[in-house]
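Q: Below is the file start.cif, with mmCIF, C-alpha atoms and all ligand atoms.
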```cif
data_structure
#
loop_
_atom_site.label_atom_id
_atom_site.label_comp_id
_atom_site.auth_asym_id
_atom_site.auth_seq_id
_atom_site.Cartn_x
_atom_site.Cartn_y
_atom_site.Cartn_z
CA MET A 1 -22.56 9.00 12.84
CA VAL A 2 -24.70 11.69 14.42
CA GLU A 3 -21.56 13.69 15.14
CA ARG A 4 -21.92 15.93 12.12
CA ASP A 5 -23.92 19.14 12.50
CA LEU A 6 -24.26 18.92 16.26
CA PRO A 7 -25.18 22.36 17.47
CA LYS A 8 -23.79 23.70 20.72
CA VAL A 9 -25.55 22.32 23.73
CA GLU A 10 -27.35 24.37 26.28
CA THR A 11 -27.87 22.71 29.61
CA GLY A 12 -30.02 23.82 32.46
CA VAL A 13 -32.62 25.11 30.01
CA ARG A 14 -36.19 24.76 31.17
CA PHE A 15 -38.48 22.44 29.28
CA SER A 16 -40.63 24.42 26.93
CA SER A 17 -43.57 23.26 24.88
CA PRO A 18 -42.77 20.56 22.32
CA ALA A 19 -41.64 21.46 18.82
CA PRO A 20 -44.54 22.57 16.61
CA LEU A 21 -46.13 19.51 15.20
CA ALA A 22 -47.04 19.81 11.62
CA PRO A 23 -47.37 21.98 8.58
CA ALA A 24 -50.60 23.92 8.47
CA PHE A 25 -53.31 23.08 5.98
CA LYS A 26 -53.03 24.96 2.71
CA ASP A 27 -56.62 26.08 2.76
CA GLU A 28 -59.64 25.67 5.00
CA GLU A 29 -61.37 23.40 2.51
CA SER A 30 -58.71 20.72 2.46
CA MET A 31 -58.99 20.48 6.22
CA PRO A 32 -60.74 17.32 7.34
CA ASN A 33 -62.88 17.90 10.37
CA PRO A 34 -63.51 14.73 12.32
CA LYS A 35 -66.32 15.17 14.80
CA THR A 36 -65.35 12.41 17.21
CA ILE A 37 -62.30 10.17 17.55
CA LEU A 38 -61.45 7.38 19.98
CA VAL A 39 -57.94 7.21 21.39
CA THR A 40 -57.11 3.99 23.21
CA GLY A 41 -54.16 4.19 25.61
CA CYS A 42 -54.76 7.94 25.90
CA ALA A 43 -52.85 8.15 29.21
CA GLY A 44 -49.79 6.46 27.78
CA PHE A 45 -46.63 8.05 26.46
CA ILE A 46 -47.58 8.11 22.77
CA GLY A 47 -51.37 8.34 23.31
CA GLY A 48 -50.90 11.31 25.67
CA HIS A 49 -48.74 13.20 23.18
CA PHE A 50 -51.17 12.31 20.42
CA VAL A 51 -54.15 13.84 22.23
CA GLN A 52 -52.22 16.99 23.08
CA GLN A 53 -51.11 17.53 19.49
CA PHE A 54 -54.34 16.40 17.86
CA LYS A 55 -56.45 18.90 19.72
CA LYS A 56 -54.18 21.74 18.63
CA ARG A 57 -54.76 20.77 15.01
CA PHE A 58 -58.44 19.86 15.37
CA PRO A 59 -59.76 21.98 18.25
CA LYS A 60 -63.39 21.22 17.45
CA THR A 61 -63.07 17.44 17.49
CA LYS A 62 -64.48 15.56 20.46
CA ILE A 63 -61.80 13.24 21.81
CA VAL A 64 -62.96 10.12 23.61
CA GLY A 65 -60.27 8.17 25.42
CA ILE A 66 -59.94 4.82 27.16
CA ASP A 67 -57.09 3.62 29.35
CA ASP A 68 -56.87 1.23 32.28
CA LEU A 69 -53.96 3.26 33.73
CA SER A 70 -51.87 0.10 34.07
CA THR A 71 -48.81 1.92 32.72
CA GLY A 72 -50.58 5.14 31.75
CA ARG A 73 -50.43 8.12 34.06
CA LYS A 74 -53.19 10.44 35.16
CA ASP A 75 -50.98 13.45 34.47
CA MET A 76 -50.85 12.46 30.79
CA LEU A 77 -54.62 12.83 30.53
CA ASP A 78 -55.96 15.93 28.87
CA SER A 79 -58.81 17.59 30.71
CA SER A 80 -60.83 18.03 27.52
CA THR A 81 -60.84 14.28 26.78
CA ILE A 82 -63.99 12.33 27.59
CA PHE A 83 -62.14 9.71 29.56
CA TYR A 84 -63.20 6.15 30.35
CA LYS A 85 -61.03 4.37 32.87
CA GLY A 86 -61.18 0.71 31.98
CA SER A 87 -59.85 -2.09 29.86
CA ILE A 88 -60.19 -2.59 26.14
CA LEU A 89 -61.02 -6.19 27.13
CA ASP A 90 -64.18 -5.00 28.88
CA GLU A 91 -66.81 -5.84 26.25
CA LYS A 92 -69.59 -3.94 27.95
CA LEU A 93 -67.53 -0.79 28.29
CA ILE A 94 -66.40 -0.91 24.65
CA LYS A 95 -69.99 -1.42 23.53
CA ASN A 96 -71.13 1.54 25.64
CA ILE A 97 -68.43 3.83 24.30
CA PHE A 98 -69.20 3.04 20.68
CA SER A 99 -72.96 3.25 21.21
CA LYS A 100 -72.76 6.54 23.05
CA HIS A 101 -70.31 8.36 20.80
CA LYS A 102 -70.37 8.36 17.03
CA ILE A 103 -66.72 7.47 16.60
CA GLU A 104 -65.29 8.29 13.18
CA TYR A 105 -61.64 7.36 13.63
CA VAL A 106 -59.99 4.98 16.08
CA PHE A 107 -56.34 5.50 17.07
CA HIS A 108 -55.37 2.30 18.82
CA PHE A 109 -52.38 2.86 21.11
CA ALA A 110 -53.45 0.79 24.13
CA ALA A 111 -51.25 -2.23 24.68
CA VAL A 112 -48.91 -3.86 27.10
CA ALA A 113 -46.02 -2.23 25.33
CA ARG A 114 -43.16 -3.67 27.38
CA VAL A 115 -41.32 -6.51 25.65
CA PHE A 116 -40.12 -8.14 28.85
CA ASP A 117 -43.56 -7.91 30.39
CA THR A 118 -44.83 -10.05 27.49
CA ILE A 119 -42.15 -12.64 28.27
CA GLU A 120 -43.26 -12.78 31.89
CA ARG A 121 -46.99 -12.70 31.19
CA PRO A 122 -47.48 -14.15 27.69
CA ARG A 123 -51.10 -15.15 28.22
CA TYR A 124 -52.44 -11.92 29.71
CA THR A 125 -50.45 -9.73 27.35
CA SER A 126 -51.70 -11.77 24.37
CA GLU A 127 -55.23 -11.09 25.54
CA VAL A 128 -54.69 -7.35 25.71
CA ASN A 129 -52.52 -7.01 22.63
CA ILE A 130 -54.37 -9.45 20.36
CA ILE A 131 -57.91 -9.93 21.67
CA GLY A 132 -58.11 -6.26 22.70
CA THR A 133 -57.24 -5.23 19.15
CA VAL A 134 -59.75 -7.63 17.62
CA ALA A 135 -62.45 -6.40 20.01
CA LEU A 136 -61.84 -2.82 18.89
CA LEU A 137 -61.81 -3.84 15.22
CA GLU A 138 -65.13 -5.59 15.73
CA ALA A 139 -66.71 -2.60 17.46
CA SER A 140 -65.30 -0.32 14.74
CA LYS A 141 -66.80 -2.51 12.05
CA ASN A 142 -70.18 -2.68 13.83
CA HIS A 143 -70.31 1.07 14.27
CA ARG A 144 -69.07 2.00 10.78
CA VAL A 145 -65.90 3.74 11.84
CA LYS A 146 -64.26 5.53 8.90
CA ARG A 147 -60.72 4.35 9.60
CA PHE A 148 -58.88 2.33 12.22
CA ILE A 149 -55.22 3.23 12.80
CA TYR A 150 -53.21 0.51 14.47
CA SER A 151 -49.95 0.92 16.39
CA SER A 152 -47.63 -1.85 15.31
CA SER A 153 -43.93 -2.20 16.03
CA SER A 154 -40.59 -2.62 14.30
CA LEU A 155 -40.16 -5.70 16.48
CA VAL A 156 -42.26 -7.64 13.98
CA TYR A 157 -39.03 -7.69 11.96
CA GLY A 158 -36.63 -10.35 13.07
CA ASN A 159 -32.89 -10.22 13.45
CA ASP A 160 -31.89 -11.21 9.94
CA THR A 161 -33.69 -8.49 8.06
CA LYS A 162 -31.73 -6.45 5.55
CA LEU A 163 -31.10 -2.86 6.57
CA PRO A 164 -32.83 -0.52 6.15
CA MET A 165 -35.93 -2.59 6.93
CA LYS A 166 -38.54 -2.51 4.20
CA GLU A 167 -42.17 -3.46 4.72
CA SER A 168 -42.06 -5.67 1.59
CA GLU A 169 -38.98 -7.57 2.73
CA ASN A 170 -40.35 -8.50 6.08
CA VAL A 171 -39.34 -12.01 6.95
CA PHE A 172 -41.58 -12.45 9.95
CA ASP A 173 -39.28 -13.84 12.59
CA PRO A 174 -40.61 -13.03 16.03
CA LYS A 175 -38.23 -13.03 18.96
CA TYR A 176 -40.66 -12.26 21.76
CA PRO A 177 -44.37 -12.75 22.54
CA TYR A 178 -44.65 -8.98 22.01
CA SER A 179 -43.45 -9.32 18.38
CA ILE A 180 -46.12 -11.93 17.61
CA GLN A 181 -48.81 -10.00 19.45
CA LYS A 182 -48.08 -6.79 17.56
CA TYR A 183 -47.74 -8.62 14.25
CA VAL A 184 -51.08 -10.44 14.55
CA GLY A 185 -52.91 -7.12 14.69
CA GLU A 186 -51.70 -6.33 11.17
CA PRO A 187 -53.31 -9.25 9.26
CA PHE A 188 -56.39 -8.81 11.46
CA CYS A 189 -56.65 -5.22 10.22
CA LYS A 190 -56.33 -6.43 6.63
CA ILE A 191 -58.95 -9.13 7.11
CA PHE A 192 -61.41 -6.66 8.63
CA SER A 193 -60.88 -4.38 5.63
CA GLU A 194 -61.34 -7.17 3.11
CA LEU A 195 -64.27 -8.90 4.79
CA PHE A 196 -66.15 -5.94 6.18
CA GLY A 197 -64.92 -2.86 4.34
CA LEU A 198 -63.47 -1.24 7.48
CA GLU A 199 -60.54 0.95 6.44
CA THR A 200 -57.41 0.10 8.40
CA VAL A 201 -53.82 1.36 8.46
CA CYS A 202 -50.92 -0.26 10.36
CA LEU A 203 -48.02 1.90 11.49
CA ARG A 204 -44.84 0.14 12.56
CA TYR A 205 -43.11 2.45 15.00
CA PHE A 206 -39.39 2.17 15.56
CA THR A 207 -37.91 2.98 19.02
CA VAL A 208 -39.97 5.94 20.17
CA PHE A 209 -38.55 8.51 22.57
CA GLY A 210 -39.29 12.02 23.79
CA PRO A 211 -40.36 14.12 26.76
CA LYS A 212 -42.74 12.55 29.28
CA GLN A 213 -41.33 9.08 28.75
CA TYR A 214 -40.50 7.99 32.28
CA GLY A 215 -37.55 5.65 32.67
CA ASP A 216 -38.33 4.11 36.02
CA SER A 217 -39.80 0.82 34.86
CA PRO A 218 -37.69 -2.35 34.58
CA TYR A 219 -38.85 -2.45 30.95
CA SER A 220 -37.92 1.12 30.02
CA THR A 221 -36.12 1.75 26.76
CA VAL A 222 -32.59 3.02 26.71
CA ILE A 223 -32.84 6.82 26.40
CA CYS A 224 -35.39 7.35 29.16
CA ALA A 225 -33.79 4.67 31.36
CA TRP A 226 -30.36 6.30 31.12
CA LEU A 227 -31.73 9.79 31.71
CA GLU A 228 -33.73 8.51 34.67
CA SER A 229 -30.52 7.07 36.14
CA LEU A 230 -28.77 10.44 35.71
CA TYR A 231 -31.52 12.67 37.06
CA PHE A 232 -33.29 10.29 39.46
CA PRO A 233 -30.61 7.77 40.47
CA LYS A 234 -32.82 6.37 43.23
CA ASN A 235 -35.34 5.21 40.62
CA LYS A 236 -33.00 3.55 38.18
CA LYS A 237 -29.54 2.13 37.74
CA ALA A 238 -28.30 2.40 34.16
CA PHE A 239 -27.09 -0.68 32.32
CA ILE A 240 -26.03 -1.59 28.82
CA THR A 241 -26.32 -5.03 27.30
CA GLY A 242 -23.63 -6.39 25.01
CA ASP A 243 -20.89 -4.26 23.47
CA GLY A 244 -23.02 -1.13 22.89
CA ASN A 245 -22.45 -1.28 19.15
CA GLN A 246 -26.02 -2.40 18.56
CA SER A 247 -28.05 0.35 16.96
CA ARG A 248 -31.62 1.60 16.88
CA ASP A 249 -33.72 3.84 14.71
CA PHE A 250 -34.81 6.30 17.41
CA CYS A 251 -38.00 8.07 16.43
CA HIS A 252 -39.20 11.17 18.24
CA VAL A 253 -42.76 10.87 19.53
CA ASN A 254 -43.94 13.85 17.45
CA ASN A 255 -43.00 11.93 14.30
CA VAL A 256 -45.27 9.09 15.42
CA VAL A 257 -48.09 11.52 16.20
CA TRP A 258 -47.64 13.13 12.81
CA ALA A 259 -47.75 9.75 11.02
CA ASN A 260 -51.05 8.96 12.77
CA ILE A 261 -52.55 12.26 11.70
CA LEU A 262 -51.39 11.73 8.12
CA ALA A 263 -52.89 8.23 8.15
CA MET A 264 -56.22 9.78 9.15
CA GLU A 265 -56.06 12.68 6.71
CA SER A 266 -55.02 10.69 3.66
CA LYS A 267 -57.62 10.59 0.91
CA LYS A 268 -56.38 7.17 -0.22
CA HIS A 269 -58.25 3.96 0.49
CA PHE A 270 -56.55 1.61 2.96
CA GLN A 271 -56.94 -2.09 3.56
CA GLY A 272 -54.46 -2.91 6.28
CA GLU A 273 -51.49 -1.26 4.54
CA VAL A 274 -48.35 -1.37 6.64
CA PHE A 275 -45.99 1.61 6.96
CA ASN A 276 -42.70 1.97 8.77
CA VAL A 277 -42.60 5.01 11.02
CA GLY A 278 -39.05 5.83 12.00
CA SER A 279 -36.37 8.37 11.28
CA GLY A 280 -34.50 6.35 8.66
CA ILE A 281 -31.25 6.73 10.59
CA ARG A 282 -29.76 4.32 13.09
CA ILE A 283 -27.63 5.29 16.02
CA LYS A 284 -25.37 3.06 18.07
CA LEU A 285 -26.11 2.85 21.78
CA ASN A 286 -22.48 3.85 22.46
CA ASP A 287 -23.13 7.06 20.50
CA VAL A 288 -26.33 7.72 22.45
CA LYS A 289 -24.36 7.29 25.64
CA ARG A 290 -21.68 9.73 24.49
CA LEU A 291 -24.25 12.31 23.38
CA ILE A 292 -26.19 12.08 26.63
CA ALA A 293 -23.00 12.63 28.62
CA LYS A 294 -22.08 15.55 26.37
CA TYR A 295 -25.48 17.24 26.47
CA THR A 296 -26.16 16.74 30.16
CA GLY A 297 -22.61 17.40 31.32
CA LYS A 298 -23.05 14.36 33.59
CA ARG A 299 -21.09 11.12 33.69
CA LEU A 300 -23.07 8.21 32.41
CA GLN A 301 -21.55 4.87 33.35
CA PRO A 302 -24.02 2.10 32.65
CA GLU A 303 -23.27 -1.26 34.18
CA LYS A 304 -22.22 -3.80 31.53
CA ARG A 305 -24.50 -6.81 31.18
CA PRO A 306 -24.40 -9.77 28.77
CA PRO A 307 -26.58 -9.55 25.64
CA ARG A 308 -30.17 -10.70 26.14
CA VAL A 309 -31.51 -13.74 24.34
CA GLY A 310 -33.30 -12.70 21.16
CA ASP A 311 -32.04 -9.11 21.32
CA VAL A 312 -32.31 -7.54 17.89
CA ARG A 313 -28.90 -6.18 16.89
CA HIS A 314 -29.86 -3.32 14.61
CA THR A 315 -33.03 -1.58 13.51
CA CYS A 316 -33.39 1.03 10.81
CA ALA A 317 -36.57 1.98 9.01
CA ASP A 318 -36.88 2.40 5.30
CA ILE A 319 -39.48 5.17 5.27
CA THR A 320 -39.84 5.41 1.49
CA LYS A 321 -43.34 3.93 1.48
CA ALA A 322 -44.68 6.18 4.25
CA ARG A 323 -43.10 9.16 2.51
CA ARG A 324 -44.57 8.25 -0.89
CA VAL A 325 -48.08 7.21 0.17
CA LEU A 326 -48.73 9.26 3.32
CA GLY A 327 -46.40 12.20 2.72
CA TYR A 328 -44.64 11.35 5.99
CA LYS A 329 -41.29 12.77 6.89
CA PRO A 330 -39.72 13.03 10.32
CA ILE A 331 -40.38 16.47 11.77
CA VAL A 332 -38.06 16.22 14.79
CA ASN A 333 -34.55 14.84 14.33
CA PHE A 334 -32.57 12.87 16.87
CA ASP A 335 -30.41 15.69 18.25
CA GLU A 336 -33.28 18.08 18.67
CA GLY A 337 -35.41 15.33 20.20
CA LEU A 338 -32.68 14.24 22.60
CA LYS A 339 -32.08 17.79 23.83
CA GLN A 340 -35.80 18.34 24.27
CA THR A 341 -36.04 15.10 26.25
CA ILE A 342 -33.09 16.11 28.44
CA ARG A 343 -34.72 19.47 29.14
CA TRP A 344 -37.86 17.67 30.23
CA PHE A 345 -35.87 15.46 32.64
CA GLU A 346 -34.13 18.57 33.98
CA SER A 347 -37.47 20.24 34.65
CA ARG A 348 -39.09 17.16 36.18
CA LYS A 349 -39.74 17.35 39.90
CA ILE A 350 -40.29 13.66 40.76
N1 LIG B 401 -42.76 3.27 22.69
C1 LIG B 401 -42.26 2.61 21.66
O1 LIG B 401 -41.04 2.64 21.42
C2 LIG B 401 -43.17 1.81 20.74
C3 LIG B 401 -42.58 1.18 19.61
C4 LIG B 401 -43.41 0.46 18.78
C5 LIG B 401 -44.76 0.35 19.02
N2 LIG B 401 -45.30 0.95 20.13
C6 LIG B 401 -46.73 0.82 20.36
O2 LIG B 401 -47.29 2.11 20.57
C7 LIG B 401 -48.38 2.02 21.46
C8 LIG B 401 -48.22 3.01 22.61
O3 LIG B 401 -47.01 2.69 23.30
P1 LIG B 401 -46.42 3.61 24.48
O4 LIG B 401 -44.97 3.63 24.34
O5 LIG B 401 -47.17 4.87 24.54
O6 LIG B 401 -46.74 2.69 25.74
P2 LIG B 401 -47.49 3.10 27.10
O7 LIG B 401 -47.37 1.91 28.00
O8 LIG B 401 -46.99 4.39 27.59
O9 LIG B 401 -48.99 3.28 26.62
C9 LIG B 401 -49.90 2.20 26.52
C10 LIG B 401 -51.17 2.61 27.24
O10 LIG B 401 -52.11 1.54 27.13
C11 LIG B 401 -52.74 1.40 28.41
N3 LIG B 401 -53.25 0.04 28.53
C12 LIG B 401 -52.55 -1.11 28.70
N4 LIG B 401 -53.38 -2.15 28.77
C13 LIG B 401 -54.64 -1.65 28.62
C14 LIG B 401 -55.92 -2.24 28.61
N5 LIG B 401 -56.11 -3.56 28.79
N6 LIG B 401 -56.99 -1.44 28.43
C15 LIG B 401 -56.86 -0.08 28.29
N7 LIG B 401 -55.65 0.52 28.30
C16 LIG B 401 -54.57 -0.26 28.46
C17 LIG B 401 -51.68 1.73 29.42
O11 LIG B 401 -52.19 2.10 30.69
C18 LIG B 401 -50.94 2.86 28.73
O12 LIG B 401 -51.48 4.11 29.08
C19 LIG B 401 -48.46 0.56 21.91
O13 LIG B 401 -49.43 -0.08 21.12
C20 LIG B 401 -47.08 0.03 21.58
O14 LIG B 401 -47.11 -1.36 21.35
C21 LIG B 401 -44.54 1.69 21.00
#
```
Go through the file and emit its structure as structure tokens.

A:
Amino acid sequence: MVERDLPKVETGVRFSSPAPLAPAFKDEESMPNPKTILVTGCAGFIGGHFVQQFKKRFPKTKIVGIDDLSTGRKDMLDSSTIFYKGSILDEKLIKNIFSKHKIEYVFHFAAVARVFDTIERPRYTSEVNIIGTVALLEASKNHRVKRFIYSSSSLVYGNDTKLPMKESENVFDPKYPYSIQKYVGEPFCKIFSELFGLETVCLRYFTVFGPKQYGDSPYSTVICAWLESLYFPKNKKAFITGDGNQSRDFCHVNNVVWANILAMESKKHFQGEVFNVGSGIRIKLNDVKRLIAKYTGKRLQPEKRPPRVGDVRHTCADITKARRVLGYKPIVNFDEGLKQTIRWFESRKI
């Protein structure tokens, strides 16, 4: 599947800066220049990458960030961010942030983003993932934010969806509390647009991977978990559920960052429109395993475990809509992204 056009692998290469993010603007005039943005979950994997890339493209923009550091890491924080350590559920803090800074765009990444955490703590995670989102929508509406960009998930699609998954063919069939929690944010965005005129965009990310995604949590996704087990075996023991022929649309984190920037830059008017953000290609876990072994030169032998209840068998994004409306296309492919991620693990000290 991904076998074709695999370039030769270099191992032992030091991690260099991530691939350049995005095409430059054609002319100065077409360049939007947001004065202030709010990034929730700015110390998280995606939020951290977003801030780093955003400031390269918009060096003059003031970036305000909030994160409770529950899964976020201090080393993901950018020193130029005006950072508030706290929860999106803290009404007073949210009010203060919006009153103090004239926020133009909100990029909402903060969430309990671990599926199995939402199974163990459905009530708390519903508060963060649903009420937290509504609280930010409300503050955005009250403070006349120009656009609210919401991080949704491919897990809102169920198991029986036709492949590739199209936004219009979504048979909502949640398998986990996380799927419901992420889904609910989408109609809330639409309602806030329709009732209050707040512009909202919902981006459904497929399985995101890339450098700086640590694999040491019991909820880690497969690429970082397997690499963690290879490079830091004390932190993680690799396992695979089922026969390994299940597949995922793995999307490099820079593609997700790029989609967020496009959603902000677009001159179209948005009322909760939903867009898939993936690569459009699915890869079997057995192929990921083989490629990791090949690229690292290490033996990866994940322990076999039975399939998990509700596990989605395959995911694959149809990215036609994002391509047509936002001009989105993946800027880092799977091979390049995997090698870059491996280099980061090789360079990691702890
Ligand atoms: N990683 C993926 O594969 C993926 C796929 C689909 C959707 N998403 C969504 O993308 C977003 C970012 O995910 P990620 O992979 O970077 O996860 P992450 O856990 O690395 O980042 C989430 C951040 O939110 C913070 N946070 C959690 N609860 C908070 C609270 N109450 N108040 C303030 N901050 C809080 C965490 O500390 C963390 O820094 C999430 O909304 C997630 O649901 C991720």

Q: Between A:Gly44, A:Gly185, A:Gly337, A:Pro233, which is the closest to ligand LIG 401 (chain B) once you count only C-alpha atoms and all ligand atoms?

A: A:Gly44

Q: Between A:Arg290, A:Arg308, A:Arg73, A:Lys146, single out the one closest to Gly47 (chain A), counting all atoms listed in the file.

A: A:Arg73

Q: Return as CSV the residues of chain A lying at most 6 Å from ligand LIG 401 (chain B), together with the closest atom-to-atom pair for each and the distance in Å to one decimal, counting all atoms listed in the file, with rows in chain order and ascending residue number.

A:
```
residue,atom,partner,partner_atom,distance
A:Gly41,CA,B:LIG401,O10,3.7
A:Cys42,CA,B:LIG401,O12,6.0
A:Ala43,CA,B:LIG401,O12,4.3
A:Gly44,CA,B:LIG401,O12,3.2
A:Phe45,CA,B:LIG401,O5,3.8
A:Ile46,CA,B:LIG401,O5,3.7
A:Gly47,CA,B:LIG401,O5,5.6
A:Ile66,CA,B:LIG401,C15,5.9
A:Asp67,CA,B:LIG401,N7,3.6
A:Asp68,CA,B:LIG401,C15,4.2
A:Leu69,CA,B:LIG401,O11,3.7
A:Ser70,CA,B:LIG401,O11,3.9
A:Thr71,CA,B:LIG401,O11,3.9
A:Gly72,CA,B:LIG401,O12,3.0
A:Gly86,CA,B:LIG401,C15,5.7
A:Ser87,CA,B:LIG401,N6,3.3
A:Ile88,CA,B:LIG401,N6,4.1
A:Leu89,CA,B:LIG401,N5,5.8
A:Phe109,CA,B:LIG401,C7,4.1
A:Ala110,CA,B:LIG401,O10,3.4
A:Ala111,CA,B:LIG401,C12,4.4
A:Val112,CA,B:LIG401,C12,4.8
A:Ala113,CA,B:LIG401,O14,4.2
A:Val128,CA,B:LIG401,N5,5.1
A:Ser151,CA,B:LIG401,O13,4.9
A:Ser152,CA,B:LIG401,C5,5.2
A:Ser153,CA,B:LIG401,C4,3.9
A:Tyr205,CA,B:LIG401,C4,4.3
A:Phe206,CA,B:LIG401,C3,5.2
A:Thr207,CA,B:LIG401,O1,4.0
A:Val208,CA,B:LIG401,O1,3.7
```

Q: Quick one: residues within 12 Å of Gly310 (chain A), all atoms listed in the file, excluding same-chain residues fewer than 4 positions away - as number ranges by chain?

A: A: 115-116, 119, 155, 157-160, 173-179, 314

Q: Taking into account all atoms listed in the file, which residue in the set A:Phe270, A:Phe83, A:Phe54, A:Phe334 is nearest to Glu194 (chain A)?

A: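 Going through A:Phe270, A:Phe83, A:Phe54, A:Phe334 one by one, the smallest distance to Glu194 (chain A) is for A:Phe270.
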
Q: Counting only C-alpha atoms, which residue out of A:Gly48, A:Gly280, A:Pro330, A:Gly210 sits closest to Ala225 (chain A)?

A: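 Checking each of A:Gly48, A:Gly280, A:Pro330, A:Gly210 against Ala225 (chain A), counting only C-alpha atoms, the winner is A:Gly210.
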
Q: Which is closest to Ile82 (chain A) among A:Arg282, A:Lys95, A:Val325, A:Val51, if we use all atoms listed in the file?

A: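 When distances to Ile82 (chain A) are compared using all atoms listed in the file, the smallest one comes from A:Val51.
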
Q: Rounded to one decimal, what separation in Å do you get between CA of Ile283 (chain A) and CA of Met165 (chain A)?

A: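 Separating CA of Ile283 (chain A) from CA of Met165 (chain A) is a distance of 14.6 Å.
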
Q: Of the candidates A:Glu346, A:Glu199, A:Asp78, A:Asp90, which shows the shortest atom-to-atom distance to Ile63 (chain A), using only C-alpha atoms?

A: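 Residue with the minimum atom-to-atom distance to Ile63 (chain A): A:Asp78.
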
Q: Could you pull the residues within 9 Å of Leu38 (chain A), counting all atoms listed in the file, minus those fewer than 4 positions along the same chain, as a PDB file with C-alpha atoms, keeping the file's coordinate frame?

A:
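Now in around15.pdb:
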```
ATOM      1  CA  CYS A  42     -54.760   7.940  25.900  1.00  0.00           C
ATOM      2  CA  LYS A  62     -64.480  15.560  20.460  1.00  0.00           C
ATOM      3  CA  ILE A  63     -61.800  13.240  21.810  1.00  0.00           C
ATOM      4  CA  VAL A  64     -62.960  10.120  23.610  1.00  0.00           C
ATOM      5  CA  GLY A  65     -60.270   8.170  25.420  1.00  0.00           C
ATOM      6  CA  ILE A  66     -59.940   4.820  27.160  1.00  0.00           C
ATOM      7  CA  ILE A  97     -68.430   3.830  24.300  1.00  0.00           C
ATOM      8  CA  PHE A  98     -69.200   3.040  20.680  1.00  0.00           C
ATOM      9  CA  HIS A 101     -70.310   8.360  20.800  1.00  0.00           C
ATOM     10  CA  ILE A 103     -66.720   7.470  16.600  1.00  0.00           C
ATOM     11  CA  GLU A 104     -65.290   8.290  13.180  1.00  0.00           C
ATOM     12  CA  TYR A 105     -61.640   7.360  13.630  1.00  0.00           C
ATOM     13  CA  VAL A 106     -59.990   4.980  16.080  1.00  0.00           C
ATOM     14  CA  PHE A 107     -56.340   5.500  17.070  1.00  0.00           C
ATOM     15  CA  HIS A 108     -55.370   2.300  18.820  1.00  0.00           C
TER      16      HIS A 108
END
```

Q: What is the distance between CA of Val332 (chain A) and CA of Asp249 (chain A), in Å to one decimal?

A: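 CA of Asp249 (chain A) lies 13.1 Å from CA of Val332 (chain A).
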
Q: Residues near Ala317 (chain A), anyone? I mean within 7 Å using only C-alpha atoms, not counting same-chain ones fewer than 2 positions away, as an NGL selection string.

A: :A and (164-166 or 249 or 276 or 278-280 or 315 or 319)

Q: Could you please fill out region 150-161 of chain A with N, CA and C atoms and send it back as a CSV table (one decimal), keeping the file's coordinate frame?

A:
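And here is the file that came out, selection.csv:
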```csv
chain,number,residue,atom,x,y,z
A,150,TYR,N,-53.8,1.5,13.5
A,150,TYR,CA,-53.2,0.5,14.5
A,150,TYR,C,-51.7,0.8,14.7
A,151,SER,N,-51.4,0.7,16.0
A,151,SER,CA,-50.0,0.9,16.4
A,151,SER,C,-49.2,-0.4,16.4
A,152,SER,N,-48.4,-0.6,15.3
A,152,SER,CA,-47.6,-1.8,15.3
A,152,SER,C,-46.2,-1.5,15.7
A,153,SER,N,-45.3,-2.4,15.5
A,153,SER,CA,-43.9,-2.2,16.0
A,153,SER,C,-42.9,-2.7,15.1
A,154,SER,N,-41.7,-2.1,15.1
A,154,SER,CA,-40.6,-2.6,14.3
A,154,SER,C,-40.1,-4.0,14.8
A,155,LEU,N,-40.6,-4.4,16.0
A,155,LEU,CA,-40.2,-5.7,16.5
A,155,LEU,C,-40.8,-6.9,15.7
A,156,VAL,N,-41.7,-6.5,14.8
A,156,VAL,CA,-42.3,-7.6,14.0
A,156,VAL,C,-41.2,-8.1,13.0
A,157,TYR,N,-40.2,-7.3,12.8
A,157,TYR,CA,-39.0,-7.7,12.0
A,157,TYR,C,-38.1,-8.5,12.9
A,158,GLY,N,-37.5,-9.5,12.3
A,158,GLY,CA,-36.6,-10.4,13.1
A,158,GLY,C,-35.2,-9.8,13.1
A,159,ASN,N,-34.3,-10.6,13.3
A,159,ASN,CA,-32.9,-10.2,13.4
A,159,ASN,C,-32.2,-10.2,12.1
A,160,ASP,N,-32.7,-11.0,11.2
A,160,ASP,CA,-31.9,-11.2,9.9
A,160,ASP,C,-32.4,-10.3,8.8
A,161,THR,N,-33.1,-9.3,9.1
A,161,THR,CA,-33.7,-8.5,8.1
A,161,THR,C,-32.6,-7.6,7.5
```
